[in-house]
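work_25.cif (mmCIF, C-alpha atoms) appears below.
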data_model
#
loop_
_atom_site.label_atom_id
_atom_site.label_comp_id
_atom_site.auth_asym_id
_atom_site.auth_seq_id
_atom_site.Cartn_x
_atom_site.Cartn_y
_atom_site.Cartn_z
CA PRO A 1036 129.27 95.10 -33.10
CA PHE A 1037 129.43 94.76 -29.29
CA THR A 1038 126.23 94.50 -27.32
CA THR A 1039 126.55 95.68 -23.73
CA VAL A 1040 124.68 93.67 -21.16
CA ALA A 1041 123.91 95.40 -17.88
CA ALA A 1042 125.55 93.37 -15.11
CA LYS A 1043 123.00 92.28 -12.54
CA MET A 1044 123.93 92.02 -8.87
CA VAL A 1045 123.18 88.62 -7.40
CA LEU A 1046 122.57 87.85 -3.76
CA ILE A 1047 125.31 85.55 -2.52
CA SER A 1048 124.40 85.13 1.15
CA ALA A 1049 120.88 85.81 2.39
CA LEU A 1050 122.11 85.55 6.00
CA ASN A 1051 124.88 88.10 5.48
CA ASP A 1052 122.48 90.49 3.75
CA ALA A 1053 119.99 90.15 6.61
CA LEU A 1054 122.57 90.77 9.35
CA VAL A 1055 124.09 93.77 7.55
CA ASN A 1056 120.60 95.26 7.18
CA ILE A 1057 119.92 94.75 10.90
CA VAL A 1058 123.24 96.33 11.98
CA ASN A 1059 122.73 99.33 9.67
CA ALA A 1060 119.17 99.90 10.92
CA GLU A 1061 120.35 99.52 14.52
CA ARG A 1062 123.11 102.10 13.98
CA ARG A 1063 120.58 104.52 12.45
CA GLY A 1064 118.42 104.07 15.54
CA LYS A 1065 115.49 102.52 13.68
CA ARG A 1066 112.81 100.58 15.54
CA GLN A 1067 112.02 98.14 12.72
CA VAL A 1068 113.82 96.66 9.76
CA LEU A 1069 112.52 94.72 6.74
CA ILE A 1070 114.61 91.76 5.64
CA ARG A 1071 114.24 89.95 2.37
CA PRO A 1072 114.55 87.20 1.31
CA ALA A 1073 113.54 85.12 4.30
CA SER A 1074 115.27 81.78 4.77
CA LYS A 1075 115.18 79.04 7.37
CA VAL A 1076 118.75 79.85 8.45
CA VAL A 1077 117.94 83.55 8.86
CA VAL A 1078 114.86 82.72 10.94
CA LYS A 1079 116.85 80.37 13.21
CA PHE A 1080 119.65 82.95 13.61
CA LEU A 1081 117.09 85.62 14.55
CA THR A 1082 115.46 83.19 17.00
CA VAL A 1083 118.79 82.76 18.80
CA MET A 1084 119.26 86.55 18.90
CA MET A 1085 115.73 87.01 20.22
CA LYS A 1086 116.21 84.35 22.91
CA HIS A 1087 119.12 86.35 24.32
CA GLY A 1088 117.22 89.66 24.10
CA TYR A 1089 119.31 91.34 21.41
CA ILE A 1090 116.24 91.92 19.23
CA ASP A 1091 112.52 92.01 20.01
CA GLU A 1092 110.04 89.75 18.23
CA PHE A 1093 110.03 89.39 14.47
CA GLU A 1094 107.26 88.59 12.01
CA ILE A 1095 107.56 86.51 8.87
CA VAL A 1096 105.57 87.94 5.96
CA ASP A 1097 104.63 85.35 3.35
CA ASP A 1098 104.40 87.04 -0.04
CA HIS A 1099 104.24 83.77 -2.06
CA ARG A 1100 107.83 84.40 -3.12
CA SER A 1101 110.91 84.10 -0.94
CA GLY A 1102 109.16 85.88 1.93
CA LYS A 1103 110.07 88.85 4.10
CA ILE A 1104 110.83 89.28 7.78
CA VAL A 1105 109.98 92.37 9.82
CA VAL A 1106 112.31 92.60 12.83
CA ASN A 1107 111.60 94.85 15.82
CA LEU A 1108 114.83 96.27 17.23
CA ASN A 1109 115.46 97.24 20.84
CA GLY A 1110 118.81 99.03 20.62
CA ARG A 1111 120.81 96.35 22.45
CA LEU A 1112 122.68 95.02 19.41
CA ASN A 1113 126.15 96.45 18.79
CA LYS A 1114 127.32 94.22 15.96
CA CYS A 1115 126.44 90.98 14.25
CA GLY A 1116 128.04 89.31 11.31
CA VAL A 1117 128.57 86.20 9.25
CA ILE A 1118 131.70 84.07 9.25
CA SER A 1119 132.29 82.90 5.72
CA PRO A 1120 133.40 80.24 4.89
CA ARG A 1121 131.57 78.26 7.56
CA PHE A 1122 134.61 76.91 9.39
CA ASP A 1123 134.45 73.68 11.36
CA VAL A 1124 134.34 74.33 15.09
CA SER A 1125 135.09 71.51 17.51
CA THR A 1126 134.00 71.65 21.14
CA LYS A 1127 137.64 72.25 22.07
CA SER A 1128 138.04 75.18 19.69
CA ILE A 1129 134.84 77.04 20.70
CA GLU A 1130 136.82 78.89 23.39
CA GLN A 1131 139.40 80.07 20.86
CA TRP A 1132 136.73 81.28 18.43
CA THR A 1133 134.90 83.23 21.15
CA SER A 1134 138.10 84.99 22.20
CA ASP A 1135 138.88 85.82 18.55
CA LEU A 1136 135.44 87.17 17.64
CA LEU A 1137 133.74 88.50 20.76
CA PRO A 1138 134.75 91.64 22.68
CA SER A 1139 134.44 90.10 26.13
CA ARG A 1140 133.68 86.87 27.92
CA GLN A 1141 130.74 88.52 29.67
CA PHE A 1142 128.53 88.99 26.63
CA GLY A 1143 128.12 88.11 22.98
CA PHE A 1144 127.44 84.81 21.27
CA LEU A 1145 128.71 82.73 18.40
CA VAL A 1146 126.07 80.96 16.35
CA LEU A 1147 126.92 77.44 15.25
CA THR A 1148 125.05 75.05 13.02
CA THR A 1149 125.28 71.61 14.57
CA SER A 1150 123.62 68.24 14.27
CA ALA A 1151 121.45 69.43 17.19
CA GLY A 1152 120.25 72.44 15.19
CA ILE A 1153 121.38 76.06 15.09
CA LEU A 1154 122.59 77.01 18.58
CA ASP A 1155 124.71 79.59 20.35
CA HIS A 1156 128.16 78.52 21.54
CA GLU A 1157 127.16 78.14 25.19
CA GLU A 1158 124.33 75.76 24.36
CA ALA A 1159 126.62 73.84 21.99
CA ARG A 1160 129.16 73.48 24.78
CA ARG A 1161 126.45 72.27 27.19
CA LYS A 1162 125.31 69.68 24.66
CA HIS A 1163 128.97 68.87 23.97
CA THR A 1164 128.57 69.23 20.23
CA GLY A 1165 130.66 70.99 17.62
CA GLY A 1166 129.63 72.08 14.16
CA LYS A 1167 130.18 74.83 11.63
CA ILE A 1168 130.25 78.49 12.53
CA LEU A 1169 127.51 80.68 11.03
CA GLY A 1170 128.20 84.02 12.68
CA PHE A 1171 128.22 86.06 15.85
CA PHE A 1172 126.37 88.87 17.61
CA TYR A 1173 127.03 91.12 20.59
#

Have the structure of the file written as C-alpha cells, please.
Amino acid sequence: PFTTVAAKMVLISALNDALVNIVNAERRGKRQVLIRPASKVVVKFLTVMMKHGYIDEFEIVDDHRSGKIVVNLNGRLNKCGVISPRFDVSTKSIEQWTSDLLPSRQFGFLVLTTSAGILDHEEARRKHTGGKILGFFY
C-alpha cells in the first residue's frame, strides 16, 4: 500500500558547498579542488580570496550545465565560511562583525555584498558602504 520514495538531497547554498569543499581540501593538503556548481557569487568570493593571496588562480570550466571551477590552493587558508542568513552590516557595525568572526585584527577578511559589488570589509569601509554579509576567510 505504501510506496517509498528515496529522499533526494538538494543543494541549498552553492557558496557554502564551495567553501566547505575548499576548507576540506586545504586541510587534507590538496593542491587543487573541483567545485560545482559554479555561480557568479562563488566566482566573486574566490576573486576576493585570490586578491588577498589566500588561494592561487582558479579556472572556470564550462560544461554547458551549471559549470565547474578548479581552484589551485596554496596552503595559506585556515578557514572560510558562509554567514547565513545574510545579515545587514552597516559601516558602523563592520568593526563589531570583524571582532566576532575573525581571529585577529592583523589578518582575515569578511566578504560583504554591497551596492558597489562583492568586496572585503576593508574595501567596503574605504568606500564607506555597508551591505549584507556573505562570509569570511582567514

Open item on the list: Running the PyMOL selection byres ((chain A and resi 1139-1154) around 10) on this model by hand, what would come out? Give it as a PyMOL selection string.
Closed with: chain A and resi 1076+1079-1080+1082-1084+1087+1089+1112-1118+1121-1124+1129-1130+1132-1138+1155-1160+1162+1164-1173

Open item on the list: One number please: atom CA of Leu1069 of chain A to atom CA of Ile1057 of chain A, in Å, one decimal.
Closed with: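 Value for the atom CA of Leu1069 of chain A-atom CA of Ile1057 of chain A distance: 8.5 Å.
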
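Using all atoms listed in the file, the nearest neighbour of Asn1056 of chain A within the list A:Met1044, A:Val1106, A:Val1078, A:Ile1095 is A:Val1106.
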
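Near (112.3, 101.3, 15.9), the residues that fall inside 10 Å on the basis of only C-alpha atoms are Ala1060, Glu1061, Arg1063, Gly1064, Lys1065, Arg1066, Gln1067, Val1068, Val1106, Asn1107, Leu1108, Asn1109 and Gly1110 of chain A.
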
Task: One-decimal distance in Å that lies between atom CA of Pro1072 of chain A and atom CA of Arg1100 of chain A - done: 8.5 Å

Task: Pick from A:Lys1086, A:Pro1036, A:Thr1126, A:Ala1073 nearest to Ala1049 of chain A, counting all atoms listed in the file - done: A:Ala1073

Open item on the list: Could you tell me how far atom CA of Ile1104 of chain A sits from atom CA of Leu1046 of chain A, in Å to one decimal place?
Closed with: 16.5 Å

Save segment 1049-1081 of chain A of the structure in the block above to a file, with N, CA, C and O atoms included, as an mmCIF file, in the first residue's frame.
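Below you can see selection03.cif, which holds the result:
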data_model
loop_
_atom_site.group_PDB
_atom_site.id
_atom_site.type_symbol
_atom_site.label_atom_id
_atom_site.label_comp_id
_atom_site.auth_asym_id
_atom_site.auth_seq_id
_atom_site.Cartn_x
_atom_site.Cartn_y
_atom_site.Cartn_z
ATOM 1 N N ALA A 1049 25.047 27.104 -2.842
ATOM 2 C CA ALA A 1049 26.201 26.762 -3.677
ATOM 3 C C ALA A 1049 27.476 27.349 -3.076
ATOM 4 O O ALA A 1049 28.541 26.728 -3.120
ATOM 5 N N LEU A 1050 27.354 28.554 -2.485
ATOM 6 C CA LEU A 1050 28.532 29.209 -1.900
ATOM 7 C C LEU A 1050 29.038 28.410 -0.697
ATOM 8 O O LEU A 1050 30.237 28.157 -0.562
ATOM 9 N N ASN A 1051 28.127 27.993 0.163
ATOM 10 C CA ASN A 1051 28.522 27.227 1.344
ATOM 11 C C ASN A 1051 29.194 25.917 0.934
ATOM 12 O O ASN A 1051 30.232 25.555 1.476
ATOM 13 N N ASP A 1052 28.593 25.230 -0.024
ATOM 14 C CA ASP A 1052 29.147 23.981 -0.530
ATOM 15 C C ASP A 1052 30.571 24.190 -1.042
ATOM 16 O O ASP A 1052 31.480 23.421 -0.736
ATOM 17 N N ALA A 1053 30.758 25.266 -1.816
ATOM 18 C CA ALA A 1053 32.065 25.559 -2.403
ATOM 19 C C ALA A 1053 33.110 25.810 -1.310
ATOM 20 O O ALA A 1053 34.210 25.259 -1.351
ATOM 21 N N LEU A 1054 32.744 26.627 -0.319
ATOM 22 C CA LEU A 1054 33.712 26.982 0.719
ATOM 23 C C LEU A 1054 34.055 25.781 1.599
ATOM 24 O O LEU A 1054 35.209 25.605 1.989
ATOM 25 N N VAL A 1055 33.056 24.940 1.901
ATOM 26 C CA VAL A 1055 33.324 23.737 2.683
ATOM 27 C C VAL A 1055 34.272 22.813 1.916
ATOM 28 O O VAL A 1055 35.224 22.265 2.485
ATOM 29 N N ASN A 1056 34.044 22.669 0.604
ATOM 30 C CA ASN A 1056 34.931 21.844 -0.218
ATOM 31 C C ASN A 1056 36.357 22.367 -0.187
ATOM 32 O O ASN A 1056 37.317 21.595 -0.103
ATOM 33 N N ILE A 1057 36.514 23.699 -0.271
ATOM 34 C CA ILE A 1057 37.843 24.304 -0.277
ATOM 35 C C ILE A 1057 38.544 24.050 1.057
ATOM 36 O O ILE A 1057 39.710 23.642 1.098
ATOM 37 N N VAL A 1058 37.827 24.282 2.176
ATOM 38 C CA VAL A 1058 38.432 24.091 3.500
ATOM 39 C C VAL A 1058 38.846 22.636 3.697
ATOM 40 O O VAL A 1058 39.947 22.345 4.175
ATOM 41 N N ASN A 1059 37.979 21.700 3.296
ATOM 42 C CA ASN A 1059 38.298 20.280 3.460
ATOM 43 C C ASN A 1059 39.528 19.892 2.646
ATOM 44 O O ASN A 1059 40.408 19.192 3.143
ATOM 45 N N ALA A 1060 39.598 20.368 1.390
ATOM 46 C CA ALA A 1060 40.742 20.056 0.541
ATOM 47 C C ALA A 1060 42.015 20.675 1.128
ATOM 48 O O ALA A 1060 43.081 20.054 1.122
ATOM 49 N N GLU A 1061 41.886 21.893 1.642
ATOM 50 C CA GLU A 1061 43.026 22.590 2.234
ATOM 51 C C GLU A 1061 43.539 21.815 3.457
ATOM 52 O O GLU A 1061 44.742 21.654 3.644
ATOM 53 N N ARG A 1062 42.611 21.312 4.275
ATOM 54 C CA ARG A 1062 43.012 20.563 5.471
ATOM 55 C C ARG A 1062 43.657 19.234 5.112
ATOM 56 O O ARG A 1062 44.492 18.734 5.855
ATOM 57 N N ARG A 1063 43.255 18.654 3.988
ATOM 58 C CA ARG A 1063 43.859 17.394 3.524
ATOM 59 C C ARG A 1063 45.194 17.646 2.846
ATOM 60 O O ARG A 1063 45.876 16.690 2.478
ATOM 61 N N GLY A 1064 45.531 18.915 2.613
ATOM 62 C CA GLY A 1064 46.797 19.243 1.969
ATOM 63 C C GLY A 1064 46.766 19.083 0.465
ATOM 64 O O GLY A 1064 47.800 18.880 -0.167
ATOM 65 N N LYS A 1065 45.595 19.163 -0.138
ATOM 66 C CA LYS A 1065 45.473 19.029 -1.590
ATOM 67 C C LYS A 1065 45.978 20.304 -2.277
ATOM 68 O O LYS A 1065 45.983 21.386 -1.693
ATOM 69 N N ARG A 1066 46.377 20.149 -3.537
ATOM 70 C CA ARG A 1066 46.838 21.301 -4.306
ATOM 71 C C ARG A 1066 45.710 21.920 -5.130
ATOM 72 O O ARG A 1066 45.767 23.082 -5.501
ATOM 73 N N GLN A 1067 44.715 21.085 -5.470
ATOM 74 C CA GLN A 1067 43.613 21.545 -6.318
ATOM 75 C C GLN A 1067 42.298 21.040 -5.753
ATOM 76 O O GLN A 1067 42.268 20.013 -5.074
ATOM 77 N N VAL A 1068 41.232 21.759 -6.051
ATOM 78 C CA VAL A 1068 39.910 21.284 -5.648
ATOM 79 C C VAL A 1068 38.906 21.655 -6.737
ATOM 80 O O VAL A 1068 39.001 22.727 -7.334
ATOM 81 N N LEU A 1069 37.979 20.722 -7.011
ATOM 82 C CA LEU A 1069 36.946 20.944 -8.022
ATOM 83 C C LEU A 1069 35.660 21.353 -7.318
ATOM 84 O O LEU A 1069 35.212 20.662 -6.404
ATOM 85 N N ILE A 1070 35.106 22.474 -7.751
ATOM 86 C CA ILE A 1070 33.875 22.980 -7.157
ATOM 87 C C ILE A 1070 32.777 22.956 -8.195
ATOM 88 O O ILE A 1070 32.980 23.407 -9.321
ATOM 89 N N ARG A 1071 31.638 22.420 -7.815
ATOM 90 C CA ARG A 1071 30.473 22.513 -8.667
ATOM 91 C C ARG A 1071 29.250 22.675 -7.783
ATOM 92 O O ARG A 1071 29.231 22.153 -6.675
ATOM 93 N N PRO A 1072 28.220 23.372 -8.161
ATOM 94 C CA PRO A 1072 28.124 24.165 -9.391
ATOM 95 C C PRO A 1072 28.848 25.499 -9.255
ATOM 96 O O PRO A 1072 29.077 25.955 -8.145
ATOM 97 N N ALA A 1073 29.181 26.086 -10.385
ATOM 98 C CA ALA A 1073 29.764 27.420 -10.376
ATOM 99 C C ALA A 1073 28.619 28.432 -10.306
ATOM 100 O O ALA A 1073 27.540 28.190 -10.818
ATOM 101 N N SER A 1074 28.847 29.545 -9.633
ATOM 102 C CA SER A 1074 27.863 30.620 -9.651
ATOM 103 C C SER A 1074 28.611 31.947 -9.613
ATOM 104 O O SER A 1074 29.786 31.986 -9.268
ATOM 105 N N LYS A 1075 27.917 33.010 -9.984
ATOM 106 C CA LYS A 1075 28.565 34.318 -10.028
ATOM 107 C C LYS A 1075 29.072 34.715 -8.651
ATOM 108 O O LYS A 1075 30.160 35.270 -8.516
ATOM 109 N N VAL A 1076 28.272 34.411 -7.612
ATOM 110 C CA VAL A 1076 28.669 34.770 -6.247
ATOM 111 C C VAL A 1076 29.927 34.008 -5.840
ATOM 112 O O VAL A 1076 30.851 34.588 -5.261
ATOM 113 N N VAL A 1077 29.966 32.706 -6.158
ATOM 114 C CA VAL A 1077 31.149 31.901 -5.824
ATOM 115 C C VAL A 1077 32.382 32.475 -6.515
ATOM 116 O O VAL A 1077 33.442 32.632 -5.898
ATOM 117 N N VAL A 1078 32.251 32.823 -7.791
ATOM 118 C CA VAL A 1078 33.383 33.361 -8.548
ATOM 119 C C VAL A 1078 33.883 34.665 -7.922
ATOM 120 O O VAL A 1078 35.082 34.864 -7.734
ATOM 121 N N LYS A 1079 32.950 35.554 -7.562
ATOM 122 C CA LYS A 1079 33.339 36.820 -6.944
ATOM 123 C C LYS A 1079 34.022 36.601 -5.595
ATOM 124 O O LYS A 1079 35.008 37.259 -5.262
ATOM 125 N N PHE A 1080 33.473 35.662 -4.793
ATOM 126 C CA PHE A 1080 34.059 35.350 -3.483
ATOM 127 C C PHE A 1080 35.491 34.844 -3.669
ATOM 128 O O PHE A 1080 36.419 35.277 -2.971
ATOM 129 N N LEU A 1081 35.675 33.930 -4.636
ATOM 130 C CA LEU A 1081 37.007 33.390 -4.909
ATOM 131 C C LEU A 1081 37.951 34.483 -5.388
ATOM 132 O O LEU A 1081 39.137 34.476 -5.057
#
